Amino acid sequence: GAVVSQHPSRVICKSGTSVKIECRSLDFQATTMFWYRQFPKKSLMLMATSNEGSKATYEQGVEKDKFLINHASLTLSTLTVTSAHPEDSSFYICSARRPTGLETQYFGPGTRLLVL
Amino acid sequence: GIQVEQSPPDLILQEGANSTLRCNFSDSVNNLQWFHQNPWGQLINLFYIPSGTKQNGRLSATTVATERYSLLYISSSQTTDSGVYFCAPRSGNTPLVFGKGTRLSVIA
């Protein structure tokens, strides 16, 4: 299956700082990537859909100024958590889908963010 | 958007037992995937199954799209099967929507 990587795998930061998470599609060009968030023992909640070369589409309740998404190339999408606070601590997972659209959605290994 | 309901929410099995996990969804789908989330959080793709039946070793899945449900069968369960199983259907060109999952514990 296709491989999606994320970096870093875990990060600890101080409150008020910004953190960037990278998501790479390693063996196909992904015109569309997705960012999910998962709280402990909860399900994955979609945060936003990232489209290469255009603005991301955010789900209701997700602050676009707080969670900046950039999809600058067909293999890279980044999520920046700006001015992080302890309540932003979570597990962030990215996903990529092949351009044909109807196929499998592939998931990265996730990034654990802890804001102190 | 599409609503997803998984049952049971929690399941404890003795090693070697069989089980069936169910996923009900509220809308017609053009994709449905089953995942196993391991203790490190990695989502493992089990099946891409918008309709029909597939088998992979001790696991099999069936989706009856017209009746809006999917089933995941685990036979001869092993302790390594423990974890959370998610069903995630998709309608139209939307992203996958995740159910709340079934937390499986297989005890020796």
# chains A, B, ... in the order shown; residues from 1 in each chain; ligands from 1
>>> interface_residues(of="chain A", to="chain B", cutoff="7 Å", atoms="only C-alpha atoms", output="list in words")
Lys42, Ser43, Leu44, Leu102, Thr104, Phe107, Pro109 and Gly110 of chain A
>>> residues_around(residues="Lys66 of chain A", least_positions_apart="4", cutoff="12 Å", atoms="only C-alpha atoms", output="list of chain:residue names")
A:Gly16, A:Thr17, A:Ser18, A:Val19, A:Lys20, A:Met47, A:Tyr58, A:Gly61, A:Val62, A:Leu79, A:Thr80, A:Val81, A:Thr82, A:Ser83, A:Ala84, A:His85, A:Asp88
>>> closest_residue(among="A:Arg24, A:His71, A:Arg98, A:Arg112", to="Gln38 of chain A", atoms="only C-alpha atoms")
A:Arg112
>>> select_by_dssp(residues="chain B", states="helix (DSSP H, G or I)", output="PyMOL selection string")
chain B and resi 65-67+79-81
>>> select_by_dssp(residues="segment 14-80 of chain A", states="strand (DSSP E)", output="ChimeraX atom specification")
/A:19-25,32-38,44-51,57-58,67-73,76-80
>>> atom_distance(atom1="atom CA of Phe34 of chain A", atom2="atom CA of Leu46 of chain B")
19.4 Å
>>> closest_atom_pairs(of="segment 68-104 of chain B", to="segment 8-26 of chain B", cutoff="6 Å", atoms="only C-alpha atoms", output="Markdown table")
| residue | atom | partner | partner_atom | distance |
| --- | --- | --- | --- | --- |
| B:Arg68 | CA | B:Phe25 | CA | 5.4 |
| B:Tyr69 | CA | B:Asn24 | CA | 4.4 |
| B:Ser70 | CA | B:Cys23 | CA | 5.1 |
| B:Leu71 | CA | B:Arg22 | CA | 4.7 |
| B:Leu72 | CA | B:Leu21 | CA | 5.1 |
| B:Tyr73 | CA | B:Thr20 | CA | 4.6 |
| B:Ile74 | CA | B:Ser19 | CA | 5.3 |
| B:Ser75 | CA | B:Asn18 | CA | 4.3 |
| B:Ser76 | CA | B:Gly16 | CA | 4.0 |
| B:Ser77 | CA | B:Gly16 | CA | 4.7 |
| B:Gln78 | CA | B:Glu15 | CA | 5.3 |
| B:Thr102 | CA | B:Pro9 | CA | 4.5 |
| B:Arg103 | CA | B:Asp10 | CA | 4.7 |
| B:Leu104 | CA | B:Leu11 | CA | 4.9 |
>>> write_last_selection(atoms="all heavy atoms", output="compact mmCIF listing (two decimals), in the first residue's frame")
# COMPACT_ATOMS: atom_id res chain seq x y z
N ARG B 68 -27.08 -0.54 4.19
CA ARG B 68 -26.28 0.45 4.93
C ARG B 68 -25.63 -0.13 6.18
O ARG B 68 -25.73 0.44 7.28
CB ARG B 68 -27.11 1.69 5.24
CG ARG B 68 -27.59 2.36 3.95
CD ARG B 68 -28.33 3.64 4.18
NE ARG B 68 -28.77 4.20 2.91
CZ ARG B 68 -29.54 5.27 2.80
NH1 ARG B 68 -29.95 5.90 3.88
NH2 ARG B 68 -29.90 5.70 1.60
N TYR B 69 -24.94 -1.25 5.99
CA TYR B 69 -24.14 -1.76 7.09
C TYR B 69 -22.95 -2.54 6.55
O TYR B 69 -22.93 -2.99 5.40
CB TYR B 69 -24.97 -2.63 8.05
CG TYR B 69 -25.35 -3.99 7.53
CD1 TYR B 69 -24.50 -5.09 7.70
CD2 TYR B 69 -26.57 -4.18 6.89
CE1 TYR B 69 -24.86 -6.34 7.22
CE2 TYR B 69 -26.93 -5.43 6.40
CZ TYR B 69 -26.07 -6.50 6.57
OH TYR B 69 -26.44 -7.75 6.10
N SER B 70 -21.96 -2.67 7.43
CA SER B 70 -20.78 -3.47 7.11
C SER B 70 -20.41 -4.27 8.35
O SER B 70 -20.64 -3.82 9.48
CB SER B 70 -19.61 -2.56 6.70
OG SER B 70 -18.49 -3.33 6.32
N LEU B 71 -19.86 -5.44 8.14
CA LEU B 71 -19.46 -6.32 9.23
C LEU B 71 -18.00 -6.70 9.07
O LEU B 71 -17.52 -6.94 7.95
CB LEU B 71 -20.31 -7.60 9.23
CG LEU B 71 -21.82 -7.43 9.34
CD1 LEU B 71 -22.52 -8.78 9.16
CD2 LEU B 71 -22.21 -6.82 10.67
N LEU B 72 -17.30 -6.75 10.18
CA LEU B 72 -15.91 -7.22 10.19
C LEU B 72 -15.87 -8.47 11.07
O LEU B 72 -16.30 -8.44 12.22
CB LEU B 72 -14.98 -6.15 10.77
CG LEU B 72 -13.51 -6.55 10.90
CD1 LEU B 72 -12.88 -6.69 9.51
CD2 LEU B 72 -12.73 -5.52 11.72
N TYR B 73 -15.39 -9.56 10.50
CA TYR B 73 -15.29 -10.81 11.22
C TYR B 73 -13.84 -11.08 11.59
O TYR B 73 -12.95 -10.97 10.74
CB TYR B 73 -15.77 -11.98 10.35
CG TYR B 73 -17.15 -11.84 9.77
CD1 TYR B 73 -17.33 -11.35 8.48
CD2 TYR B 73 -18.27 -12.24 10.48
CE1 TYR B 73 -18.60 -11.23 7.93
CE2 TYR B 73 -19.54 -12.12 9.94
CZ TYR B 73 -19.69 -11.63 8.67
OH TYR B 73 -20.95 -11.51 8.12
N ILE B 74 -13.63 -11.43 12.83
CA ILE B 74 -12.30 -11.83 13.28
C ILE B 74 -12.42 -13.27 13.78
O ILE B 74 -13.20 -13.56 14.69
CB ILE B 74 -11.78 -10.94 14.42
CG1 ILE B 74 -11.78 -9.46 13.97
CG2 ILE B 74 -10.37 -11.36 14.83
CD1 ILE B 74 -11.42 -8.49 15.10
N SER B 75 -11.68 -14.16 13.17
CA SER B 75 -11.74 -15.56 13.61
C SER B 75 -10.44 -15.93 14.33
O SER B 75 -9.39 -15.33 14.09
CB SER B 75 -11.95 -16.48 12.40
OG SER B 75 -10.84 -16.41 11.53
N SER B 76 -10.56 -16.89 15.22
CA SER B 76 -9.40 -17.39 15.99
C SER B 76 -8.56 -16.23 16.51
O SER B 76 -7.36 -16.13 16.23
CB SER B 76 -8.55 -18.30 15.10
OG SER B 76 -9.31 -19.37 14.59
N SER B 77 -9.19 -15.37 17.28
CA SER B 77 -8.54 -14.13 17.71
C SER B 77 -7.24 -14.40 18.47
O SER B 77 -7.08 -15.42 19.15
CB SER B 77 -9.49 -13.31 18.57
OG SER B 77 -9.91 -14.05 19.69
N GLN B 78 -6.31 -13.46 18.33
CA GLN B 78 -5.02 -13.52 18.99
C GLN B 78 -4.83 -12.24 19.80
O GLN B 78 -5.45 -11.21 19.52
CB GLN B 78 -3.90 -13.67 17.95
CG GLN B 78 -4.04 -14.92 17.11
CD GLN B 78 -3.00 -15.02 16.00
OE1 GLN B 78 -2.18 -14.13 15.82
NE2 GLN B 78 -3.04 -16.11 15.25
N THR B 102 -14.65 0.22 17.90
CA THR B 102 -14.85 -0.88 18.84
C THR B 102 -13.50 -1.19 19.47
O THR B 102 -12.53 -1.47 18.76
CB THR B 102 -15.38 -2.14 18.13
OG1 THR B 102 -16.70 -1.90 17.66
CG2 THR B 102 -15.38 -3.34 19.07
N ARG B 103 -13.46 -1.10 20.80
CA ARG B 103 -12.20 -1.39 21.52
C ARG B 103 -12.18 -2.86 21.86
O ARG B 103 -13.00 -3.33 22.66
CB ARG B 103 -12.11 -0.53 22.77
CG ARG B 103 -10.79 -0.62 23.51
CD ARG B 103 -10.71 0.45 24.60
NE ARG B 103 -10.76 1.79 24.04
CZ ARG B 103 -9.70 2.45 23.59
NH1 ARG B 103 -8.52 1.90 23.63
NH2 ARG B 103 -9.83 3.67 23.11
N LEU B 104 -11.25 -3.58 21.26
CA LEU B 104 -11.16 -5.04 21.43
C LEU B 104 -9.98 -5.40 22.32
O LEU B 104 -8.86 -4.91 22.10
CB LEU B 104 -11.00 -5.72 20.07
CG LEU B 104 -10.74 -7.22 20.08
CD1 LEU B 104 -11.95 -7.97 20.65
CD2 LEU B 104 -10.42 -7.74 18.68
>>> residues_around(residues="Arg10 of chain A", least_positions_apart="6", cutoff="10 Å", atoms="only C-alpha atoms", output="MDAnalysis selection string")
chainID A and resid 21 91:92 110:114
>>> write_last_selection(atoms="N, CA and C atoms", output="mmCIF file, in the first residue's frame")
data_model
loop_
_atom_site.group_PDB
_atom_site.id
_atom_site.type_symbol
_atom_site.label_atom_id
_atom_site.label_comp_id
_atom_site.auth_asym_id
_atom_site.auth_seq_id
_atom_site.Cartn_x
_atom_site.Cartn_y
_atom_site.Cartn_z
ATOM 1 N N ILE A 21 3.715 20.668 11.623
ATOM 2 C CA ILE A 21 3.707 19.232 11.380
ATOM 3 C C ILE A 21 3.676 19.015 9.869
ATOM 4 N N PHE A 91 -3.538 14.170 19.280
ATOM 5 C CA PHE A 91 -2.884 13.322 18.284
ATOM 6 C C PHE A 91 -3.402 13.783 16.928
ATOM 7 N N TYR A 92 -2.494 14.236 16.071
ATOM 8 C CA TYR A 92 -2.873 14.764 14.762
ATOM 9 C C TYR A 92 -2.441 13.761 13.693
ATOM 10 N N GLY A 110 0.838 9.646 12.448
ATOM 11 C CA GLY A 110 0.361 10.554 13.485
ATOM 12 C C GLY A 110 1.465 11.312 14.192
ATOM 13 N N THR A 111 1.073 12.445 14.778
ATOM 14 C CA THR A 111 1.984 13.288 15.564
ATOM 15 C C THR A 111 1.319 13.582 16.898
ATOM 16 N N ARG A 112 2.028 13.243 17.970
ATOM 17 C CA ARG A 112 1.508 13.547 19.313
ATOM 18 C C ARG A 112 2.043 14.903 19.746
ATOM 19 N N LEU A 113 1.140 15.822 20.003
ATOM 20 C CA LEU A 113 1.515 17.157 20.435
ATOM 21 C C LEU A 113 1.140 17.331 21.898
ATOM 22 N N LEU A 114 2.112 17.755 22.688
ATOM 23 C CA LEU A 114 1.870 18.078 24.090
ATOM 24 C C LEU A 114 2.287 19.520 24.316
#
>>> atom_distance(atom1="atom CA of Thr57 of chain A", atom2="atom CA of Tyr106 of chain A")
19.0 Å
>>> residues_around(residues="Asn51 of chain A", least_positions_apart="5", cutoff="12 Å", atoms="only C-alpha atoms", output="PyMOL selection string")
chain A and resi 29-35+56-58+69-78+96-97+99
>>> atom_distance(atom1="atom CA of Gln6 of chain B", atom2="atom CA of Tyr36 of chain A")
19.0 Å
